[in-house]
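To keep things clear, I will list the structure first and then write my remarks on it.
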2 protein chains.
Amino acid sequence: MHQWKERTRPIRLERRFEFENYEATRNFLDELGQLCESQKRYPDISFGKTYANLSLASNNNEEIDSDDKQFASKIDQIFQEDN
Amino acid sequence: MHQWKERTRPIRLERRFEFENYEATRNFLDELGQLCESQKRYPDISFGKTYANLSLASNNNEEIDSDDKQFASKIDQIFQEDN
């Protein structure tokens, strides 16, 4: 969770993830996609061959709350399990 | 192919794709991922719930060539088949 940066306008959390190869990037994105669907939350994601940048808008648009942090932690967990 | 815009610095093709829902977005990205692997070309992709922006660097870094256009057309084809 400490690797996420809090940004404003709009209020959001951002983190960059890096991967060994395209397969690892795709595996991460696949698992992330499943998480997003289960949570009905859809961050903005930019990715290339070996990276993904996530931008996670706050749930309430006023501040990063515990729901947002919990969602970010679940994403970290996906990354850690794969890497 | 006519919906792609040619941009400079670096020379690239860009196109925005829009989708009905998250499932359609994910289906497109899955098929695109397979194409990328088969061609060993990895565009920069940004996406959210119902959109994907693609940025396709030119193969030779000097101009958009027939290889680049062919790759873009294949991406269009994936989009058309799904939508």
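Ligands are numbered from 1 in the order shown, residues from 1 within each chain, and chains are lettered A, B, ... in the order they appear in the structure tokens.
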
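Using only C-alpha atoms, one finds that the residues of chain A close to chain B, at 7 Å or less, are Tyr42, Pro43, Asp44, Ile45, Ser46, Phe47, Gly48 and Lys49 of chain A.
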
| What lies within 12 Å of Ile11 (chain A) using only C-alpha atoms, ignoring chain neighbours under 3 positions off, as a PyMOL selection string? | chain A and resi 5-8+14+55-65+68

*Have a look at CA of Ser38 (chain B) and CA of Leu32 (chain A) and let me know their distance in Å, one decimal.*
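Separation between CA of Ser38 (chain B) and CA of Leu32 (chain A): 22.9 Å.
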
Quiz prompt | Residues of chain B in strand (DSSP E or B), written as a ChimeraX atom specification | solution = /B:5-7,12-18,44-47,51-57

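The spacing separating CA of Ala24 (chain B) from CA of Glu31 (chain A) amounts to 16.5 Å.
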